[in-house]
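Q: Sending over query07.cif (mmCIF, C-alpha atoms and all ligand atoms).
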data_target
loop_
_atom_site.group_PDB
_atom_site.id
_atom_site.type_symbol
_atom_site.label_atom_id
_atom_site.label_comp_id
_atom_site.auth_asym_id
_atom_site.auth_seq_id
_atom_site.Cartn_x
_atom_site.Cartn_y
_atom_site.Cartn_z
ATOM 1 C CA MET Q 1 127.254 157.511 32.724
ATOM 2 C CA ARG Q 2 123.777 157.508 31.309
ATOM 3 C CA LEU Q 3 123.619 159.342 27.994
ATOM 4 C CA HIS Q 4 120.878 160.188 25.539
ATOM 5 C CA GLU Q 5 120.601 157.823 22.582
ATOM 6 C CA LYS Q 6 121.385 160.825 20.386
ATOM 7 C CA GLU Q 7 124.768 161.200 22.099
ATOM 8 C CA ILE Q 8 125.477 157.475 21.761
ATOM 9 C CA PHE Q 9 124.908 157.686 17.995
ATOM 10 C CA GLU Q 10 127.048 160.835 17.786
ATOM 11 C CA ILE Q 11 129.932 158.945 19.389
ATOM 12 C CA ALA Q 12 129.511 155.873 17.200
ATOM 13 C CA CYS Q 13 128.328 157.328 13.922
ATOM 14 C CA GLY Q 14 130.539 156.368 10.996
ATOM 15 C CA ARG Q 15 133.048 154.696 13.354
ATOM 16 C CA PHE Q 16 131.378 151.551 14.689
ATOM 17 C CA GLY Q 17 127.991 149.967 15.337
ATOM 18 C CA VAL Q 18 126.382 150.128 18.772
ATOM 19 C CA GLY Q 19 125.333 146.904 20.480
ATOM 20 C CA ALA Q 20 121.805 147.095 21.896
ATOM 21 C CA PHE Q 21 121.435 144.341 24.473
ATOM 22 C CA ASN Q 22 118.095 143.167 25.853
ATOM 23 C CA VAL Q 23 118.112 142.998 29.632
ATOM 24 C CA PHE Q 24 115.557 141.159 31.758
ATOM 25 C CA ASN Q 25 117.247 140.865 35.137
ATOM 26 C CA ALA Q 26 120.055 142.114 37.362
ATOM 27 C CA GLU Q 27 122.597 139.517 36.223
ATOM 28 C CA GLN Q 28 122.207 140.573 32.587
ATOM 29 C CA ALA Q 29 122.310 144.292 33.464
ATOM 30 C CA LYS Q 30 125.512 143.872 35.463
ATOM 31 C CA GLY Q 31 127.108 141.621 32.832
ATOM 32 C CA VAL Q 32 126.348 144.129 30.063
ATOM 33 C CA MET Q 33 127.849 146.982 32.126
ATOM 34 C CA LEU Q 34 131.012 144.986 32.896
ATOM 35 C CA GLY Q 35 131.397 143.986 29.238
ATOM 36 C CA ALA Q 36 130.843 147.529 27.997
ATOM 37 C CA ARG Q 37 133.375 148.844 30.510
ATOM 38 C CA ARG Q 38 135.993 146.340 29.400
ATOM 39 C CA SER Q 39 135.428 147.199 25.726
ATOM 40 C CA GLY Q 40 135.400 150.964 26.280
ATOM 41 C CA ARG Q 41 132.444 151.153 23.884
ATOM 42 C CA PRO Q 42 129.061 152.751 24.550
ATOM 43 C CA VAL Q 43 126.031 150.430 24.628
ATOM 44 C CA ILE Q 44 122.262 150.648 24.502
ATOM 45 C CA VAL Q 45 120.348 148.778 27.206
ATOM 46 C CA GLN Q 46 117.015 147.616 25.833
ATOM 47 C CA ILE Q 47 113.935 146.876 27.885
ATOM 48 C CA THR Q 48 111.004 145.002 26.357
ATOM 49 C CA PRO Q 49 107.405 145.146 27.569
ATOM 50 C CA VAL Q 50 107.890 141.553 28.758
ATOM 51 C CA ALA Q 51 110.823 142.632 30.950
ATOM 52 C CA ARG Q 52 108.676 145.449 32.383
ATOM 53 C CA GLU Q 53 105.955 142.958 33.200
ATOM 54 C CA TYR Q 54 108.297 140.215 34.474
ATOM 55 C CA LEU Q 55 109.809 142.452 37.167
ATOM 56 C CA SER Q 56 107.914 145.765 37.090
ATOM 57 C CA PRO Q 57 108.686 149.189 35.653
ATOM 58 C CA ALA Q 58 109.868 150.278 39.112
ATOM 59 C CA PHE Q 59 112.223 147.291 39.462
ATOM 60 C CA ILE Q 60 113.632 148.032 36.008
ATOM 61 C CA LYS Q 61 114.124 151.681 36.902
ATOM 62 C CA GLY Q 62 116.019 150.619 40.017
ATOM 63 C CA LEU Q 63 118.248 148.321 37.973
ATOM 64 C CA LEU Q 64 119.081 151.093 35.537
ATOM 65 C CA ASP Q 65 119.742 153.594 38.344
ATOM 66 C CA ALA Q 66 122.122 151.053 39.868
ATOM 67 C CA CYS Q 67 123.910 150.702 36.525
ATOM 68 C CA GLU Q 68 124.364 154.459 36.400
ATOM 69 C CA ASN Q 69 125.539 154.634 39.984
ATOM 70 C CA ASP Q 70 127.882 151.635 39.964
ATOM 71 C CA PHE Q 71 129.336 152.168 36.467
ATOM 72 C CA PRO Q 72 130.023 155.922 36.068
ATOM 73 C CA ASP Q 73 132.638 155.099 33.417
ATOM 74 C CA VAL Q 74 130.210 153.175 31.140
ATOM 75 C CA ARG Q 75 128.386 155.222 28.521
ATOM 76 C CA PHE Q 76 124.911 153.784 27.999
ATOM 77 C CA SER Q 77 121.429 154.840 26.997
ATOM 78 C CA VAL Q 78 118.121 153.151 27.771
ATOM 79 C CA HIS Q 79 115.685 152.148 25.030
ATOM 80 C CA LEU Q 80 112.180 150.658 25.064
ATOM 81 C CA ASP Q 81 112.204 147.760 22.595
ATOM 82 C CA HIS Q 82 109.089 146.672 20.662
ATOM 83 C CA GLY Q 83 106.527 148.890 22.342
ATOM 84 C CA ASN Q 84 102.926 149.184 21.243
ATOM 85 C CA ARG Q 85 101.094 152.498 21.623
ATOM 86 C CA ALA Q 86 100.336 151.976 25.334
ATOM 87 C CA HIS Q 87 103.856 150.775 26.181
ATOM 88 C CA CYS Q 88 105.393 153.779 24.413
ATOM 89 C CA ILE Q 89 103.085 156.271 26.103
ATOM 90 C CA ALA Q 90 103.847 154.765 29.528
ATOM 91 C CA ALA Q 91 107.602 154.786 28.857
ATOM 92 C CA ILE Q 92 107.562 158.377 27.563
ATOM 93 C CA GLU Q 93 106.061 159.461 30.902
ATOM 94 C CA GLU Q 94 108.650 157.678 33.028
ATOM 95 C CA ASP Q 95 111.823 159.716 32.609
ATOM 96 C CA VAL Q 96 113.857 156.508 32.205
ATOM 97 C CA TYR Q 97 114.079 156.031 28.422
ATOM 98 C CA SER Q 98 115.763 158.391 25.958
ATOM 99 C CA SER Q 99 114.325 156.411 23.037
ATOM 100 C CA VAL Q 100 111.362 154.152 22.376
ATOM 101 C CA MET Q 101 110.494 151.791 19.557
ATOM 102 C CA ILE Q 102 106.950 151.879 18.245
ATOM 103 C CA ASP Q 103 106.347 148.580 16.547
ATOM 104 C CA ALA Q 104 103.495 148.979 14.092
ATOM 105 C CA SER Q 105 105.214 147.242 11.201
ATOM 106 C CA HIS Q 106 102.577 144.487 11.081
ATOM 107 C CA GLU Q 107 99.971 147.156 10.224
ATOM 108 C CA PRO Q 108 99.291 148.451 6.711
ATOM 109 C CA PHE Q 109 101.602 151.282 5.630
ATOM 110 C CA ASP Q 110 99.106 154.086 6.369
ATOM 111 C CA VAL Q 111 98.307 152.776 9.849
ATOM 112 C CA ASN Q 112 101.999 152.281 10.607
ATOM 113 C CA VAL Q 113 102.576 155.914 9.546
ATOM 114 C CA ALA Q 114 99.700 157.243 11.677
ATOM 115 C CA MET Q 115 100.671 155.258 14.799
ATOM 116 C CA THR Q 116 104.352 156.136 14.472
ATOM 117 C CA LYS Q 117 103.563 159.803 13.873
ATOM 118 C CA GLU Q 118 101.504 160.026 17.056
ATOM 119 C CA ILE Q 119 104.274 158.485 19.178
ATOM 120 C CA VAL Q 120 106.892 160.720 17.516
ATOM 121 C CA SER Q 121 104.913 163.806 18.442
ATOM 122 C CA LEU Q 122 104.443 162.704 22.093
ATOM 123 C CA ALA Q 123 108.068 161.566 22.413
ATOM 124 C CA HIS Q 124 109.665 164.594 20.762
ATOM 125 C CA ALA Q 125 107.747 166.876 23.120
ATOM 126 C CA LYS Q 126 109.783 165.239 25.903
ATOM 127 C CA GLY Q 127 113.061 165.090 23.975
ATOM 128 C CA ILE Q 128 112.777 161.336 23.416
ATOM 129 C CA ARG Q 129 113.766 159.688 20.142
ATOM 130 C CA VAL Q 130 111.636 157.168 18.263
ATOM 131 C CA GLU Q 131 112.667 154.037 16.390
ATOM 132 C CA ALA Q 132 110.055 152.791 13.944
ATOM 133 C CA GLU Q 133 109.931 149.655 11.833
ATOM 134 C CA LEU Q 134 109.086 149.154 8.201
ATOM 135 C CA GLY Q 135 108.823 145.585 6.954
ATOM 136 C CA VAL Q 136 108.020 142.614 9.166
ATOM 137 C CA LEU Q 137 110.645 140.414 10.787
ATOM 138 C CA SER Q 138 109.832 136.751 11.058
ATOM 139 C CA GLY Q 139 110.440 134.787 14.233
ATOM 140 C CA VAL Q 140 109.459 135.170 17.809
ATOM 141 C CA GLU Q 141 110.476 137.885 20.239
ATOM 142 C CA ASP Q 142 108.430 137.984 23.391
ATOM 143 C CA HIS Q 143 104.837 138.548 22.348
ATOM 144 C CA LEU Q 144 105.687 138.804 18.677
ATOM 145 C CA SER Q 145 105.082 135.872 16.432
ATOM 146 C CA VAL Q 146 105.109 136.361 12.716
ATOM 147 C CA GLY Q 147 105.111 133.314 10.479
ATOM 148 C CA ASP Q 148 107.817 133.015 7.886
ATOM 149 C CA ASP Q 149 105.188 133.152 5.173
ATOM 150 C CA ARG Q 150 104.232 136.661 6.220
ATOM 151 C CA ALA Q 151 107.777 137.849 6.536
ATOM 152 C CA ARG Q 152 108.465 140.645 4.148
ATOM 153 C CA TYR Q 153 111.511 142.641 3.389
ATOM 154 C CA THR Q 154 111.469 146.391 3.811
ATOM 155 C CA ASP Q 155 110.586 147.956 0.478
ATOM 156 C CA PRO Q 156 113.348 150.500 -0.278
ATOM 157 C CA ALA Q 157 110.892 152.518 -2.392
ATOM 158 C CA MET Q 158 108.793 153.310 0.708
ATOM 159 C CA VAL Q 159 111.566 154.207 3.117
ATOM 160 C CA ALA Q 160 112.085 157.909 2.367
ATOM 161 C CA GLU Q 161 108.337 158.580 2.384
ATOM 162 C CA PHE Q 162 107.888 156.703 5.677
ATOM 163 C CA VAL Q 163 110.689 158.590 7.437
ATOM 164 C CA SER Q 164 109.563 161.984 6.163
ATOM 165 C CA LEU Q 165 105.867 161.373 6.970
ATOM 166 C CA THR Q 166 106.519 160.075 10.492
ATOM 167 C CA GLY Q 167 109.612 162.025 11.568
ATOM 168 C CA CYS Q 168 111.047 158.882 13.189
ATOM 169 C CA ASP Q 169 114.677 159.178 14.313
ATOM 170 C CA SER Q 170 115.858 155.699 13.395
ATOM 171 C CA LEU Q 171 114.448 152.850 11.357
ATOM 172 C CA ALA Q 172 114.408 149.109 11.931
ATOM 173 C CA VAL Q 173 114.534 147.306 8.616
ATOM 174 C CA ALA Q 174 113.669 143.766 7.593
ATOM 175 C CA VAL Q 175 116.549 142.560 5.433
ATOM 176 C CA GLY Q 176 116.587 138.862 6.183
ATOM 177 C CA THR Q 177 117.256 138.535 9.913
ATOM 178 C CA SER Q 178 114.592 137.181 12.209
ATOM 179 C CA HIS Q 179 114.111 136.972 15.950
ATOM 180 C CA GLY Q 180 115.006 133.907 17.998
ATOM 181 C CA ALA Q 181 117.530 131.108 17.521
ATOM 182 C CA TYR Q 182 116.313 129.932 14.120
ATOM 183 C CA LYS Q 183 117.292 132.676 11.744
ATOM 184 C CA PHE Q 184 117.661 132.332 8.022
ATOM 185 C CA SER Q 185 115.423 129.275 7.851
ATOM 186 C CA GLY Q 186 114.649 128.485 4.243
ATOM 187 C CA GLY Q 187 118.205 129.325 3.238
ATOM 188 C CA ARG Q 188 117.773 133.065 3.016
ATOM 189 C CA GLY Q 189 120.720 135.178 4.027
ATOM 190 C CA LEU Q 190 121.165 138.805 4.914
ATOM 191 C CA ARG Q 191 120.016 140.883 1.937
ATOM 192 C CA THR Q 192 122.808 143.442 1.780
ATOM 193 C CA ASP Q 193 121.554 144.497 -1.662
ATOM 194 C CA ILE Q 194 118.245 145.644 -0.131
ATOM 195 C CA LEU Q 195 120.118 147.287 2.733
ATOM 196 C CA ALA Q 196 122.221 149.303 0.293
ATOM 197 C CA GLU Q 197 119.108 150.420 -1.584
ATOM 198 C CA ILE Q 198 117.455 151.490 1.683
ATOM 199 C CA ARG Q 199 120.524 153.468 2.754
ATOM 200 C CA ASP Q 200 120.602 155.289 -0.571
ATOM 201 C CA GLN Q 201 117.085 156.604 0.076
ATOM 202 C CA LEU Q 202 117.991 158.260 3.395
ATOM 203 C CA PRO Q 203 120.144 161.191 4.544
ATOM 204 C CA LYS Q 204 123.805 160.415 5.223
ATOM 205 C CA ASN Q 205 124.335 158.724 8.609
ATOM 206 C CA TYR Q 206 120.596 158.180 9.222
ATOM 207 C CA PRO Q 207 120.643 155.350 11.786
ATOM 208 C CA LEU Q 208 119.317 152.003 10.577
ATOM 209 C CA VAL Q 209 118.583 149.266 13.103
ATOM 210 C CA LEU Q 210 119.110 145.549 12.665
ATOM 211 C CA HIS Q 211 116.861 143.374 14.810
ATOM 212 C CA GLY Q 212 117.532 139.689 15.390
ATOM 213 C CA ALA Q 213 121.288 140.172 15.072
ATOM 214 C CA SER Q 214 122.456 137.430 17.439
ATOM 215 C CA ALA Q 215 125.211 135.104 16.210
ATOM 216 C CA VAL Q 216 123.693 131.858 17.633
ATOM 217 C CA PRO Q 217 127.109 130.133 17.688
ATOM 218 C CA GLU Q 218 127.077 126.476 16.666
ATOM 219 C CA ASN Q 219 129.272 125.591 19.613
ATOM 220 C CA GLU Q 220 126.759 127.125 22.030
ATOM 221 C CA ILE Q 221 123.917 124.995 20.616
ATOM 222 C CA ARG Q 222 126.142 121.883 20.763
ATOM 223 C CA ARG Q 223 127.080 122.464 24.415
ATOM 224 C CA ILE Q 224 123.452 123.126 25.411
ATOM 225 C CA ASN Q 225 122.373 119.886 23.764
ATOM 226 C CA LEU Q 226 125.266 117.922 25.315
ATOM 227 C CA ALA Q 227 124.020 119.139 28.693
ATOM 228 C CA GLY Q 228 120.466 117.909 28.093
ATOM 229 C CA GLY Q 229 119.004 120.548 25.786
ATOM 230 C CA THR Q 230 117.063 119.688 22.662
ATOM 231 C CA LEU Q 231 117.620 122.791 20.542
ATOM 232 C CA LYS Q 232 117.467 122.093 16.840
ATOM 233 C CA THR Q 233 120.943 121.933 15.340
ATOM 234 C CA GLU Q 234 119.885 124.007 12.349
ATOM 235 C CA ALA Q 235 119.605 126.993 14.720
ATOM 236 C CA LYS Q 236 121.598 129.684 12.991
ATOM 237 C CA GLY Q 237 122.355 133.354 13.495
ATOM 238 C CA ILE Q 238 124.135 136.137 11.710
ATOM 239 C CA ALA Q 239 127.834 135.613 10.928
ATOM 240 C CA PRO Q 240 130.320 138.268 12.129
ATOM 241 C CA GLU Q 241 131.370 139.121 8.571
ATOM 242 C CA GLN Q 242 127.729 139.703 7.553
ATOM 243 C CA LEU Q 243 127.276 141.976 10.544
ATOM 244 C CA ALA Q 244 130.381 143.928 9.616
ATOM 245 C CA GLU Q 245 129.036 144.399 6.105
ATOM 246 C CA ALA Q 246 125.660 145.564 7.426
ATOM 247 C CA ILE Q 247 127.399 148.175 9.605
ATOM 248 C CA LYS Q 248 129.315 149.452 6.576
ATOM 249 C CA LEU Q 249 125.968 149.788 4.809
ATOM 250 C CA GLY Q 250 124.486 152.091 7.472
ATOM 251 C CA VAL Q 251 123.335 149.871 10.338
ATOM 252 C CA ALA Q 252 124.051 151.862 13.505
ATOM 253 C CA LYS Q 253 122.217 149.819 16.169
ATOM 254 C CA ILE Q 254 122.548 146.073 16.441
ATOM 255 C CA ASN Q 255 119.918 144.327 18.569
ATOM 256 C CA ILE Q 256 121.054 141.274 20.488
ATOM 257 C CA ALA Q 257 118.824 139.191 22.752
ATOM 258 C CA THR Q 258 119.003 135.526 21.745
ATOM 259 C CA ASP Q 259 122.742 135.147 22.382
ATOM 260 C CA LEU Q 260 122.317 136.251 26.016
ATOM 261 C CA ARG Q 261 119.553 133.666 26.443
ATOM 262 C CA LEU Q 262 121.666 130.897 24.931
ATOM 263 C CA ILE Q 263 124.540 131.722 27.302
ATOM 264 C CA TRP Q 264 122.142 131.475 30.240
ATOM 265 C CA THR Q 265 120.825 128.124 29.057
ATOM 266 C CA ARG Q 266 124.317 126.715 28.531
ATOM 267 C CA VAL Q 267 125.718 128.030 31.844
ATOM 268 C CA VAL Q 268 122.788 126.771 33.909
ATOM 269 C CA ARG Q 269 122.526 123.377 32.184
ATOM 270 C CA GLU Q 270 126.261 122.672 32.407
ATOM 271 C CA PHE Q 271 126.516 123.934 35.970
ATOM 272 C CA PHE Q 272 123.779 121.714 37.359
ATOM 273 C CA ARG Q 273 124.844 118.730 35.271
ATOM 274 C CA ASN Q 274 128.372 119.071 36.664
ATOM 275 C CA ASN Q 275 127.301 120.013 40.184
ATOM 276 C CA PRO Q 276 124.093 118.098 40.905
ATOM 277 C CA GLU Q 277 124.539 118.620 44.652
ATOM 278 C CA GLN Q 278 124.360 122.428 44.270
ATOM 279 C CA PHE Q 279 121.272 124.568 44.694
ATOM 280 C CA ASP Q 280 122.678 128.085 45.020
ATOM 281 C CA PRO Q 281 121.540 130.675 42.452
ATOM 282 C CA VAL Q 282 124.395 132.991 43.466
ATOM 283 C CA THR Q 283 127.109 130.537 42.420
ATOM 284 C CA VAL Q 284 125.637 129.937 38.987
ATOM 285 C CA GLY Q 285 124.613 133.607 38.691
ATOM 286 C CA LYS Q 286 128.229 134.719 39.140
ATOM 287 C CA ILE Q 287 129.297 132.472 36.273
ATOM 288 C CA TYR Q 288 126.499 133.873 34.103
ATOM 289 C CA ILE Q 289 127.481 137.499 34.847
ATOM 290 C CA SER Q 290 131.084 136.788 33.952
ATOM 291 C CA GLU Q 291 130.114 134.991 30.722
ATOM 292 C CA ILE Q 292 127.892 137.928 29.723
ATOM 293 C CA GLU Q 293 130.800 140.257 30.433
ATOM 294 C CA ASP Q 294 133.079 138.270 28.107
ATOM 295 C CA PHE Q 295 130.434 138.079 25.389
ATOM 296 C CA VAL Q 296 129.492 141.772 25.483
ATOM 297 C CA ALA Q 297 133.119 142.964 25.581
ATOM 298 C CA GLN Q 298 133.995 140.836 22.581
ATOM 299 C CA LYS Q 299 130.808 141.701 20.673
ATOM 300 C CA CYS Q 300 131.162 145.465 21.164
ATOM 301 C CA LEU Q 301 134.724 145.428 19.853
ATOM 302 C CA SER Q 302 133.639 143.431 16.791
ATOM 303 C CA LEU Q 303 130.941 145.918 15.724
HETATM 304 ZN ZN ZN Q 401 113.284 143.045 17.592
#
Would you write the structure of this file as structure tokens?

A:
Amino acid sequence: MRLHEKEIFEIACGRFGVGAFNVFNAEQAKGVMLGARRSGRPVIVQITPVAREYLSPAFIKGLLDACENDFPDVRFSVHLDHGNRAHCIAAIEEDVYSSVMIDASHEPFDVNVAMTKEIVSLAHAKGIRVEAELGVLSGVEDHLSVGDDRARYTDPAMVAEFVSLTGCDSLAVAVGTSHGAYKFSGGRGLRTDILAEIRDQLPKNYPLVLHGASAVPENEIRRINLAGGTLKTEAKGIAPEQLAEAIKLGVAKINIATDLRLIWTRVVREFFRNNPEQFDPVTVGKIYISEIEDFVAQKCLSL
């Protein structure tokens, strides 16, 4: 059952965090639906501009329609992740997304406000919610690449002004996580102190969003490397107990992309190492779907 993001937050608010999973293909979409169904929890399916370009907006729409049709018992909403102005405007026109993220956090405060405000006004006219970002996350997600040196935490003193000037419906904050497999490089951890200060500046239950919230399990990295991968062993994600604390401090939406990629890498590497005579994408695809199901079910229940 496809819901509006607003309804998803109403269900989850104050009870648990909502997993927002990035989906790039049919296997991931089906795995996320199966996992959500098993957990009984609602989920947000996130589509990046790269996913829209990789397949096409029409392909993506078809995937999401199939999710709705094949999984009437799964409550999900569809979100555009990391859109620029053009991506957001296109998505707002499509009748597929109930929320979009305008990512102007790399711009100066005033420009971020102006760009976000414009998208909020276009989106709200169509009943679509807007996630904005204040503070820059380091790491790489699709087209984004922000060096660690430029990474900045969200300044709690600017949060209330930003939300009231822009009218954004949820806010992605930079509190120490980064995109990709190499989080917390330089020994920084999740800054729950900053998160608490941010929350105190906003109305009760205002939804905060944590990007780069994959766990990057050590065992996953080890298995990938045993099967021929060369991922750096210092790859590190966010620990479950840190995530739980962040949710207590007002994080309502937890963005997860890297973990789904690591599962793919591990499944495919191990499969072809163990079955070098095989060449069937369906056989390995079935394993991937089932592994995504397990991961998503477990993750949703832990949030
Ligand atoms: Zn992100």

Q: Per residue of chain Q within 9 Å of ligand ZN 401 (chain Q), note the shortest atom pair and the distance in Å to one decimal, counting all atoms listed in the file, and order the rows by chain and increasing residue number, as a tab-separated table.

A:
residue	atom	partner	partner_atom	distance
Q:Asp81	CA	Q:ZN401	ZN	7.0
Q:His82	CA	Q:ZN401	ZN	6.3
Q:Asp103	CA	Q:ZN401	ZN	8.9
Q:Leu137	CA	Q:ZN401	ZN	7.8
Q:Val140	CA	Q:ZN401	ZN	8.8
Q:Glu141	CA	Q:ZN401	ZN	6.4
Q:Leu144	CA	Q:ZN401	ZN	8.8
Q:Ala172	CA	Q:ZN401	ZN	8.4
Q:Ser178	CA	Q:ZN401	ZN	8.1
Q:His179	CA	Q:ZN401	ZN	6.3
Q:Leu210	CA	Q:ZN401	ZN	8.0
Q:His211	CA	Q:ZN401	ZN	4.5
Q:Gly212	CA	Q:ZN401	ZN	5.8
Q:Ala213	CA	Q:ZN401	ZN	8.9
Q:Asn255	CA	Q:ZN401	ZN	6.8
Q:Ile256	CA	Q:ZN401	ZN	8.5
Q:Ala257	CA	Q:ZN401	ZN	8.5

Q: Restricting the output to C-alpha atoms, write the selected residues as a short mmCIF file (atom, residue, chain, number, x, y, z; two decimals), in the frame of the given file.

A:
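Okay, this is what ended up in out_26.cif:
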data_model
loop_
_atom_site.label_atom_id
_atom_site.label_comp_id
_atom_site.auth_asym_id
_atom_site.auth_seq_id
_atom_site.Cartn_x
_atom_site.Cartn_y
_atom_site.Cartn_z
CA ASP Q 81 112.20 147.76 22.60
CA HIS Q 82 109.09 146.67 20.66
CA ASP Q 103 106.35 148.58 16.55
CA LEU Q 137 110.64 140.41 10.79
CA VAL Q 140 109.46 135.17 17.81
CA GLU Q 141 110.48 137.88 20.24
CA LEU Q 144 105.69 138.80 18.68
CA ALA Q 172 114.41 149.11 11.93
CA SER Q 178 114.59 137.18 12.21
CA HIS Q 179 114.11 136.97 15.95
CA LEU Q 210 119.11 145.55 12.66
CA HIS Q 211 116.86 143.37 14.81
CA GLY Q 212 117.53 139.69 15.39
CA ALA Q 213 121.29 140.17 15.07
CA ASN Q 255 119.92 144.33 18.57
CA ILE Q 256 121.05 141.27 20.49
CA ALA Q 257 118.82 139.19 22.75
#

Q: For the file shown, report as a tab-separated table (two decimals) with C-alpha atoms, in the coordinates of the input the outcome of the PyMOL selection byres (((chain Q and resi 159) around 10) and not hetatm) at residue level.

A:
chain	number	residue	atom	x	y	z
Q	133	GLU	CA	109.93	149.66	11.83
Q	134	LEU	CA	109.09	149.15	8.20
Q	135	GLY	CA	108.82	145.58	6.95
Q	154	THR	CA	111.47	146.39	3.81
Q	155	ASP	CA	110.59	147.96	0.48
Q	156	PRO	CA	113.35	150.50	-0.28
Q	157	ALA	CA	110.89	152.52	-2.39
Q	158	MET	CA	108.79	153.31	0.71
Q	160	ALA	CA	112.08	157.91	2.37
Q	161	GLU	CA	108.34	158.58	2.38
Q	162	PHE	CA	107.89	156.70	5.68
Q	163	VAL	CA	110.69	158.59	7.44
Q	164	SER	CA	109.56	161.98	6.16
Q	165	LEU	CA	105.87	161.37	6.97
Q	171	LEU	CA	114.45	152.85	11.36
Q	173	VAL	CA	114.53	147.31	8.62
Q	197	GLU	CA	119.11	150.42	-1.58
Q	198	ILE	CA	117.46	151.49	1.68
Q	199	ARG	CA	120.52	153.47	2.75
Q	200	ASP	CA	120.60	155.29	-0.57
Q	201	GLN	CA	117.08	156.60	0.08
Q	202	LEU	CA	117.99	158.26	3.40

Q: Find the residues with any atom within 12 Å of (100.5, 154.6, 12.3); use only C-alpha atoms and the coordinates as given in the file, and write the answer as a compact mmCIF listing (two decimals) with C-alpha atoms, in the coordinates of the input.

A:
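Writing the result to result.txt gives the following:
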# COMPACT_ATOMS: atom_id res chain seq x y z
CA ASN Q 84 102.93 149.18 21.24
CA ARG Q 85 101.09 152.50 21.62
CA ILE Q 102 106.95 151.88 18.24
CA ASP Q 103 106.35 148.58 16.55
CA ALA Q 104 103.50 148.98 14.09
CA SER Q 105 105.21 147.24 11.20
CA HIS Q 106 102.58 144.49 11.08
CA GLU Q 107 99.97 147.16 10.22
CA PRO Q 108 99.29 148.45 6.71
CA PHE Q 109 101.60 151.28 5.63
CA ASP Q 110 99.11 154.09 6.37
CA VAL Q 111 98.31 152.78 9.85
CA ASN Q 112 102.00 152.28 10.61
CA VAL Q 113 102.58 155.91 9.55
CA ALA Q 114 99.70 157.24 11.68
CA MET Q 115 100.67 155.26 14.80
CA THR Q 116 104.35 156.14 14.47
CA LYS Q 117 103.56 159.80 13.87
CA GLU Q 118 101.50 160.03 17.06
CA ILE Q 119 104.27 158.49 19.18
CA VAL Q 120 106.89 160.72 17.52
CA SER Q 121 104.91 163.81 18.44
CA ALA Q 132 110.06 152.79 13.94
CA GLU Q 133 109.93 149.66 11.83
CA LEU Q 134 109.09 149.15 8.20
CA PHE Q 162 107.89 156.70 5.68
CA VAL Q 163 110.69 158.59 7.44
CA LEU Q 165 105.87 161.37 6.97
CA THR Q 166 106.52 160.07 10.49
CA GLY Q 167 109.61 162.02 11.57
CA CYS Q 168 111.05 158.88 13.19

Q: What is the atom CA of Q:Thr230-atom CA of Q:Arg269 distance in Å, reported with one decimal?

A: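 Interatomic distance, atom CA of Q:Thr230 to atom CA of Q:Arg269: 11.6 Å.
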
Q: Show me, as a list in words, the residues that have an atom within 12 Å of Q:Pro49 when counting all atoms listed in the file, minus same-chain residues fewer than 6 positions from it.

A: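 Listed by chain and then number, they are Asn22, Val23, Phe24, Leu55, Ser56, Pro57, Ile60, His79, Leu80, Asp81, His82, Gly83, Asn84, Arg85, Ala86, His87, Cys88, Ala90, Ala91, Val100, Met101, Ile102, Asp103, Glu141, Asp142, His143 and Leu144 of chain Q.
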
Q: Can I get the selection written as a JSON list (two decimals), in the coordinates of the input, with C-alpha atoms?

A:
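The resulting file, result-v8.json, is reproduced below:
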[["chain", "number", "residue", "atom", "x", "y", "z"],
["Q", 22, "ASN", "CA", 118.10, 143.17, 25.85],
["Q", 23, "VAL", "CA", 118.11, 143.00, 29.63],
["Q", 24, "PHE", "CA", 115.56, 141.16, 31.76],
["Q", 55, "LEU", "CA", 109.81, 142.45, 37.17],
["Q", 56, "SER", "CA", 107.91, 145.76, 37.09],
["Q", 57, "PRO", "CA", 108.69, 149.19, 35.65],
["Q", 60, "ILE", "CA", 113.63, 148.03, 36.01],
["Q", 79, "HIS", "CA", 115.68, 152.15, 25.03],
["Q", 80, "LEU", "CA", 112.18, 150.66, 25.06],
["Q", 81, "ASP", "CA", 112.20, 147.76, 22.60],
["Q", 82, "HIS", "CA", 109.09, 146.67, 20.66],
["Q", 83, "GLY", "CA", 106.53, 148.89, 22.34],
["Q", 84, "ASN", "CA", 102.93, 149.18, 21.24],
["Q", 85, "ARG", "CA", 101.09, 152.50, 21.62],
["Q", 86, "ALA", "CA", 100.34, 151.98, 25.33],
["Q", 87, "HIS", "CA", 103.86, 150.78, 26.18],
["Q", 88, "CYS", "CA", 105.39, 153.78, 24.41],
["Q", 90, "ALA", "CA", 103.85, 154.76, 29.53],
["Q", 91, "ALA", "CA", 107.60, 154.79, 28.86],
["Q", 100, "VAL", "CA", 111.36, 154.15, 22.38],
["Q", 101, "MET", "CA", 110.49, 151.79, 19.56],
["Q", 102, "ILE", "CA", 106.95, 151.88, 18.24],
["Q", 103, "ASP", "CA", 106.35, 148.58, 16.55],
["Q", 141, "GLU", "CA", 110.48, 137.88, 20.24],
["Q", 142, "ASP", "CA", 108.43, 137.98, 23.39],
["Q", 143, "HIS", "CA", 104.84, 138.55, 22.35],
["Q", 144, "LEU", "CA", 105.69, 138.80, 18.68]]

Q: Record the distance separating atom CA of Q:Gln28 and atom CA of Q:Ile289, expressed in Å with one decimal.

A: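 Between atom CA of Q:Gln28 and atom CA of Q:Ile289 the gap works out to 6.5 Å.
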
Q: To one decimal place in Å, what is the distance between atom CA of Q:Leu243 and atom CA of Q:Ile287?

A: 27.5 Å
